Structures are given as C-alpha cells and as structure tokens.
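Data first, discussion second: the structure below is written as structure tokens.
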Number of protein chains: 2
Amino acid sequence: MSAGWFRRRFLPRGPLPAPQPPRPHSSPVPYRRPRFLRDAGSCPGTADAPSLPEARPVRCPARSRTLPWNAGYAEVINAEKSEFNEDQAACGKLCIQRCEIGAEEDQEWLTLCPEEFLTGHYWALFDGHGGPAAAILAANTLHSCLRRQLAAIVEGMVATQPPMHLSGHCVCASDPQFVKEKGIKTEDLVIGALENAFQECDEVIGRELEAAGQVGGCTALVAVSLQGKLYVANAGDSRAILVRRDEVRPLSSEFTPETERQRIQQLAFVYPELLAGEFTRLEFPRRLKGDDLGQKVLFRDHHMNGWSYKYVEKSDLKYPLIHGQGRQARLLGTLAVSRGLGDHQLRVLDTNIHLKPFLLSVPQVTVLDMDQLELQEEDVVVMATDGLWDVLSNEQVAQMVRSFLLSTQEDPHRFSELAQMLIHTTQGKNDDPTEEGQVSYDDISVFVIPLYSQGQGSNGH
Amino acid sequence: MSAGWFRRRFLPRGPLPAPQPPRPHSSPVPYRRPRFLRDAGSCPGTADAPSLPEARPVRCPARSRTLPWNAGYAEVINAEKSEFNEDQAACGKLCIQRCEIGAEEDQEWLTLCPEEFLTGHYWALFDGHGGPAAAILAANTLHSCLRRQLAAIVEGMVATQPPMHLSGHCVCASDPQFVKEKGIKTEDLVIGALENAFQECDEVIGRELEAAGQVGGCTALVAVSLQGKLYVANAGDSRAILVRRDEVRPLSSEFTPETERQRIQQLAFVYPELLAGEFTRLEFPRRLKGDDLGQKVLFRDHHMNGWSYKYVEKSDLKYPLIHGQGRQARLLGTLAVSRGLGDHQLRVLDTNIHLKPFLLSVPQVTVLDMDQLELQEEDVVVMATDGLWDVLSNEQVAQMVRSFLLSTQEDPHRFSELAQMLIHTTQGKNDDPTEEGQVSYDDISVFVIPLYSQGQGSNGH
C-alpha cells in the first residue's frame, strides 16, 4: 500500500453527539464563512495553508473493534451547516477471512490480519443530513457489514467460477453449466455483498438512532479494491470519476428525486396512502395555483418519460411529491436525495408522512477492471461529496488533476495535496478558480485514489 | 415520400380470425419448413425467388377507417407456429391536424389529408403470441391512437418550446422559465404521445378481445418520422438499429423477463398474492430440487444486481417467477416477453394466476435527431421481430446492409430487396448465410427504412 495518500482527516468517529432538534432539510442553508477542520501536522499538504484562520485540529481516536486502519486522510470542509460536520469518511485495508455469517466477529477478525485470506482496500464518503449522527454510524459500521458479507462468500470468490453450492456440495453434475449460462461471475458476488452490506448497515443505523433518540440520514459512496477490480457502490448524490491521461469516466450515477422520479411516483401510485392526501403524485413544471384550475397544463405521471397535457383538477393543486429542479429538487418538500442510509424517523414537517418508504438503501455498483486498463502512475479515481460537483464539472476536475499531477511528479504527498487543491478551488482559495467563479458553501470531502498501486499486485490473494 | 420502399405485404388487416384454443406459450414450437407469404407480383424483389414452393399470395384490403396508407410492404415469413401468421405490421403517412381528444374522429381526419397541419411517417411491427388476434388489432388500431394523441398536443409541438398551458392561456409570466428549467422540449411531447398511445391501444385490445371471446398478445415496435426526428418506441423483444457507413447504433432495447427481472420481482415482493403460493420470487441458476434443501445456493432477489448465497428452504423449491435464460427465459413459465399489448386474459396453464399485472404496455422511446446526422443515401434503420435477431447480430446485419446497398446503387427497389435478403439469410436461402449456419423457424418481419428521404425536408410543416 502506498504510504503518502492513505491517511485520514475526519471528525472523531466515536460516540454520537448529543441529540439536536432536527433541522428542516428543505430550509436554505444560512451563509457562513467556510471553516476548515484539520488534523494539523499530520498531513504535509495542509501545513502551507496559513490563510485559513479558523482551522482547528481534530484527532481521530483509534477504535479496537474497527478494521486495522493503516492511517487515512481525506480533506473535509465544514460549511457550518450544523455544529458538527455532516460529512464523514472512512478508509482502510479490508482483510477477509472465511467465516460463517453469525459467527462471533471478534474471533474471526484480528486487528492485524495475520492470516488474511483476501485483502483489499476500502474508501467511503458519507454526506449526512439532519445532523451527523447517521454519517458517523455509517463510517463506524459499513465496513464491518461489508467484511461480514464478503467473508460469507469468500469461498465462492476465490473459485474460477462461483459454485452453485457453497462449501463444495455438488448436488447436480450440470450445476457449473447452469452458473455459466446465467453468466454469474466472481464480481457478481462482490456486487451482491455490497448491496447486502448497505442494507444491513441501514438496519443497524435505524436501530441505533432509535435507541439513542436521534435522527438523521446520509448518502454513501464506497470504493473497494479487490482482486484487481475496483467496485464503486453509490447510494445518494456523491460521485466518483476515473481520470486518466485521455479519458474521464463516471463511475457512479446520482440518485435524487429527479433521477428516480418514476420509481418514486410508481410507489405513490401503488400506495396512495403514503401521501396522506397532502401531496399530488403528478409532476408539473411549477406548482399549480387556483388560476390554473380547468386549464390544460403540462404534466407527467409515473409511466411517462415524455410529457403530456391534462386539464387541471382540484387535487392537482396539492404540493407535488417531487418539486423543483436540479439542486432545488425535493422529495416531499424535504429531502434532496432518494437513496442513502438512515432517515427511518424522517417525516414531512408538521405531518405524519414518512419519507423512508420512498428511499432506497441499495447502492448501484459499477466495476472497473483494473487489470484491463494498462494503468499509468497518474491514473486516479476522484471520489467527492456533492459540494464539489455542484461547482466543478467532471471535465474541469480532470483537467485540474492532470495539470496538478504533471507538475508534482516527485512529490510523495501529491495525491493528498491534490484532494486539498480541489477543495480549496471550490472555496475560491486557488489561483485557478472555477470559470464561472462559483463557490460552494456545502460540506465537501474528497478522496483521490491512485490506481497504479491497486493494479500492481495488491490483490493479496 | 420515396416510392420504392413504402409498400406493404401483410396478412389481411380485416376482421379477426375465428377463436382458437389458446396454445401454451411455453411449449416448444414444432419444427416445420418455413412458409413464405407473398403478395405476388407487387414486390419486385420476390419475383425472383422461385425456390420457395409454399409461397401463397395474400391481398391486403384497404379499410376506409384507417389512415390513408400510401401503400406499404414488409417482408413476412410465417414459420407455421399457428394457422395464421402471428407477425403483423403497418406503415403509412401520419397526418396530424389540431383536434380535441374526444371529438368525433371522422370529422377531424380526412383520408387524403388535404389540410394537414403536420405530416410524418409511421412504421410498426407486431409479433403476436397465443394467436394473431392482438397483433391484427394492434396493426389496425395503434396508429389511430397515436394520431389522436398527437392531434391533442399539436399546438404545443409547433411552438419553439412547449407552452405550460395549451391554447395560449398564460397564467403566470414566468411559465416559460419553468418549462425551460425542466428542460421540456417538443420531442418530450411526442414521447409522451407515444407512451399514451400504446396504453390506449392496449385498453382497446383488451376490450375488443374480451367482446370477441378471443385471447392473445403481441409485442410492438414503432418508428415515427416527424419534424426531422425519428422516434422509436418499443414494448417487447423486437429491435431497431441504425446502420450507417461507419456506425451501428441500437435504437431500442429488448424487454424480456430477464431484462426486467428486478421490476417483476419487486412487484411480486409488494403483491405476493399475485403468485398464489405457486411460484417463488427468487432467482436461482437452475430450478431447485429436494436434494438442495438446507444447502447454501446462489440466488438473487428484487433489490440485487449481484448474486449471493442463501440456505434453501422448502418454499424455494417452487417454480421460479422467472426461469431459464436467453431465449428460454419465461415469465411464470409462460411468456417470453415482459412488455407488449394484450394478454388481458392470459393465465398460467391450469391455474388462476394472471400474467397481465407483470406486463407493461408502456414503450421505451428513443429519439434520433436526423437533422444532426448529415445523412447519406445508404443510411437506414432496420426494424425486425426477434426471429431475425436470434440468428443475426447487429454487426452482421450492418455488414450485410452495407455490402448489399453498395452493389445495388442504381436499383430503385433495393431497400425492399434488402429486407427480403435479410429474411432469406435467416432461412439459409442465401449464399451469405450466418457464420454459425443458424436458421430461424420463427415468424420474421423486417422493415428497411432509408433515412435520407426522411431527413430531407419531409417534415410537412
């Protein structure tokens, strides 16, 4: 594992903060000067950033129950949306040994992985809302869920082709043929493990937050390097992209009320009681008013990708299930994302209408076959929460990555410095600001993952 | 409109055939020598095909209530799956005048379109199952549904940007801004009209088949050329591709139990009563047997793109909701497609389990902007039912298209001859058979649409 980039700069991943009254998610965030949180001295890239007067050091306490983190840094900026930073992150080495689901975890997992069966690397970003509680829990929990899921299938993962039966029980001689015909590959087991781990983590967060009398949710973007492949699992509006000399490739899609409109409208069509008579399932270009009654206006329903016209009825004047566009789009007037973890208690303000039925915790997983890429030293994956992508396009980030890495070839810390540079740019702190002079006031976290070391025999198997 | 290619060779689109007992859709089709149905003498390309002894002429009677069809031929091969050919098709000129939905159709539509407002062209392929009844109804009906839907929005279609209110009622000065922010374009209205037309046609088919005491369903693949764009709407497993000198581009996706697995499993998860305790929602590589009980086997559920392992319980031994792979995949052991028209009465053999709840009549619509393509004379769209694509890949078809058109530049009938050549190839009748020597025994229909004339000022507006 390369030493220069695998560091951590986060808020403490310890006990949850004291309960805070929930903040309406749809309210505009009051503008305040961004505040930088830094683990001073331990990341060389931040030492020369004297122009950030509000920086404060934050120490990351080690926790014995978590994975053996080989240190880890990510740049985090807190725009003071809440007292605590709502962005959380985690990274480290994944050590996977064979175990049965349900076996005692501590017996199976040793902090230093002396007898690991498979090793990989794990990076995760969690963008919280309604407080940092869910994001902190996710940063503490998701890797354990994933490790457990992978451990349960590791025997299938190391076979040439996943066996129909685990543990070598071959009931039917033609079973390998059935598996082959279905096109089931090792990577499908890892995708399944990621999907299951997100769901398991969501259940844990639901239980823990309820027990602690707390609320909140978070998005989750996870990258896992395993057996020569990079898996990117996304539930929410963070984003990962691959940047190479001649290529920029999105490795994730955003899940928002807009991108998942049809799924959400379909659910309201099947279960109209979820809207409690307070919302309309239909989408209109704007919220309708009394003047629109009886007119023929643009609309679309769950089965439509296109638009049509309908005569406005009284029920169409209700607040739309999904309203607004772009960054302003909200689900039930409340939430800007449609997938993530937590939010089990989240309700529309002053109503008993729950948001959770409309949210999915399942991620979409994309697979990058690093062995097929002929990786170069400058090939990286950039993972960042939405604050970065609100201000910079994929192309802009790619250009900044290329020009930065070209000018810092001898610097062993250049990847963490690049992560910082990207964030500083979104704050208008760099000579190379965004073309439109846009500045982000959101929490922002960035990982820059150099793929070269991942693709060079770091499979650990 | 070019004269050489816009012809028709179909079974009579008149009254429905007499009721037949439904044939189980999952039963293998008995092999018989393919029989060619030909409208002898009216298509020059078939005159020189003496090696097809079973050809019989079929006349297409004109029907006064349908669109003014400017003649139209498609090549149809009947593999004798049933007494009647289950493939049906339709093509012609679309004439769209402003009218209100619900107005008397015959008053609004004149056979010769003397005062048309917008004109376009329409091609449609319908692949029937359980008899030809639904396909015949669809060929007689869908264009009327589409024309009605388009007529209702034609005012919005000819505006620079679809207005928030139809008929010029402007309630709010900022309405154009809302429409712009939502990114609503003219093509979205046509997409919406196609989506609504398919649904309306499905309802008509349901009513008509019930009244006639008949059964059956069909897939539907429609192409519409309008205002410089080609719209391709697909519900089923037919396919359309664009073939140019340097490009092959799929214009549709197939909808089968395999491609729509997650949607179908999700529905069974929400409404388990739809399976009546007879099927399992879960997917396995093969059907499980008693020997598998208690073993840990590969499976996936509605929320998973990947695969995982589970301990087999007794309920997992039931017949799977979706079973088999590739061409053998069946929904509820019965149907090979997951979208289409009709099938309102279709049930699993000897049970009361209905398939219709799992089927969608809504098409997926793709848009080809012909004005952006710098069209050449050899640029064509190939539309065909699944029989063709079972034997030939997109690339193989593209190569055959290019080489045929290169060698027939002076032939005015080359596009219809090309359609024939493609079909003959799937029957092993050509010098240039498929590489694997595969032969199709399914009904096959092919349209070859030259785009050059469509993109050259045929907007009619």
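Residues in the structure tokens are numbered from 1 in each chain, the chains being A, B, ... in the order shown, and ligands are numbered from 1 in the order shown.
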
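Here is the contact set of chain A against chain B, at 6 Å and counting only C-alpha atoms: A:Met164, A:His165, A:Leu166, A:Phe178, A:Val179, A:Asp188, A:Leu189, A:Ile191, A:Gly192, A:Pro285, A:Lys296, A:Val297, A:Leu298, A:Gly306, A:Trp307, A:Ser308.
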
Find the residues of segment 213-291 of chain B that sit at most 12 Å from segment 366-376 of chain B; for each, write down the nearest two atoms and how far apart they are in Å, to one decimal. Count only C-alpha atoms. Sort by chain, then by number going up, and give it as a Markdown table.
| residue | atom | partner | partner_atom | distance |
| --- | --- | --- | --- | --- |
| B:Leu221 | CA | B:Thr366 | CA | 11.5 |
| B:Val222 | CA | B:Thr366 | CA | 10.6 |
| B:Ala223 | CA | B:Thr366 | CA | 9.6 |
| B:Val224 | CA | B:Val367 | CA | 9.6 |
| B:Ser225 | CA | B:Met370 | CA | 9.2 |
| B:Leu226 | CA | B:Met370 | CA | 9.9 |
| B:Gln227 | CA | B:Met370 | CA | 9.3 |
| B:Gly228 | CA | B:Met370 | CA | 5.6 |
| B:Lys229 | CA | B:Asp369 | CA | 4.6 |
| B:Leu230 | CA | B:Leu368 | CA | 5.0 |
| B:Tyr231 | CA | B:Val367 | CA | 4.7 |
| B:Val232 | CA | B:Thr366 | CA | 5.3 |
| B:Ala233 | CA | B:Thr366 | CA | 6.6 |
| B:Asn234 | CA | B:Thr366 | CA | 8.7 |
| B:Ala235 | CA | B:Thr366 | CA | 12.0 |
| B:Arg239 | CA | B:Thr366 | CA | 11.9 |
| B:Ala240 | CA | B:Thr366 | CA | 10.3 |
| B:Ile241 | CA | B:Leu368 | CA | 10.9 |
| B:Leu242 | CA | B:Leu368 | CA | 9.2 |
| B:Val243 | CA | B:Gln376 | CA | 10.7 |
| B:Arg244 | CA | B:Gln376 | CA | 7.9 |
| B:Arg245 | CA | B:Gln376 | CA | 8.5 |
| B:Asp246 | CA | B:Gln376 | CA | 11.2 |
| B:Glu247 | CA | B:Leu373 | CA | 11.2 |
| B:Arg249 | CA | B:Leu368 | CA | 10.2 |
| B:Pro250 | CA | B:Thr366 | CA | 9.6 |
| B:Leu251 | CA | B:Thr366 | CA | 6.2 |
| B:Ser252 | CA | B:Thr366 | CA | 6.8 |
| B:Ser253 | CA | B:Thr366 | CA | 9.4 |

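What separates atom CA of Ala90 of chain A from atom CA of Gln420 of chain A is a distance of 16.7 Å.
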
Hey, what does DSSP flag as alpha helix (DSSP H) within segment 115-189 of chain B? Can you give it to me as a PyMOL selection string?
-> chain B and resi 133-157+175-181+186-189

What residues in segment 286-425 of chain B get the DSSP label strand (DSSP E)? Please answer as a ChimeraX atom specification.
-> /B:296-299,308-311,319-320,322-323,330-331,341-342,364-369,380-384

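When atom CA of Glu155 of chain B is paired with atom CA of Phe117 of chain B, their separation reads 9.7 Å.
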
Test item: residues at most 7 Å from Glu86 of chain B, only C-alpha atoms, excluding those fewer than 3 positions along its chain, as a PyMOL selection string | chain B and resi 127-129+131-132+135+443

For Gln265 of chain B, the nearest of the candidates B:Ala336, B:Ala124, B:Ile322, B:Leu146, counting only C-alpha atoms |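 Selected residue with least distance to Gln265 of chain B: B:Ile322.
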
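Taking only C-alpha atoms into account, Cys218 of chain B lies nearest to B:Ile136 out of the set B:Ile136, B:Leu331, B:Ala398, B:Met157.
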
Which residues come within 9 Å of Val401 of chain B, counting only C-alpha atoms, excluding same-chain residues fewer than 5 positions away, as a ChimeraX atom specification?
-> /B:243,378,380,382,396,406,418,422

Grab the atom CA of Asp316 of chain A to atom CA of Ala173 of chain B distance for me, in Å with one decimal place.
->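 So the answer is 20.1 Å.
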
Shell of 12 Å around Leu335 of chain B, only C-alpha atoms, local chain residues under 4 positions omitted, as a PyMOL selection string = chain B and resi 23-28+128-130+216-219+236-237+255-258+321-324+327-331+339-340+343+346-349+354-356+358-359
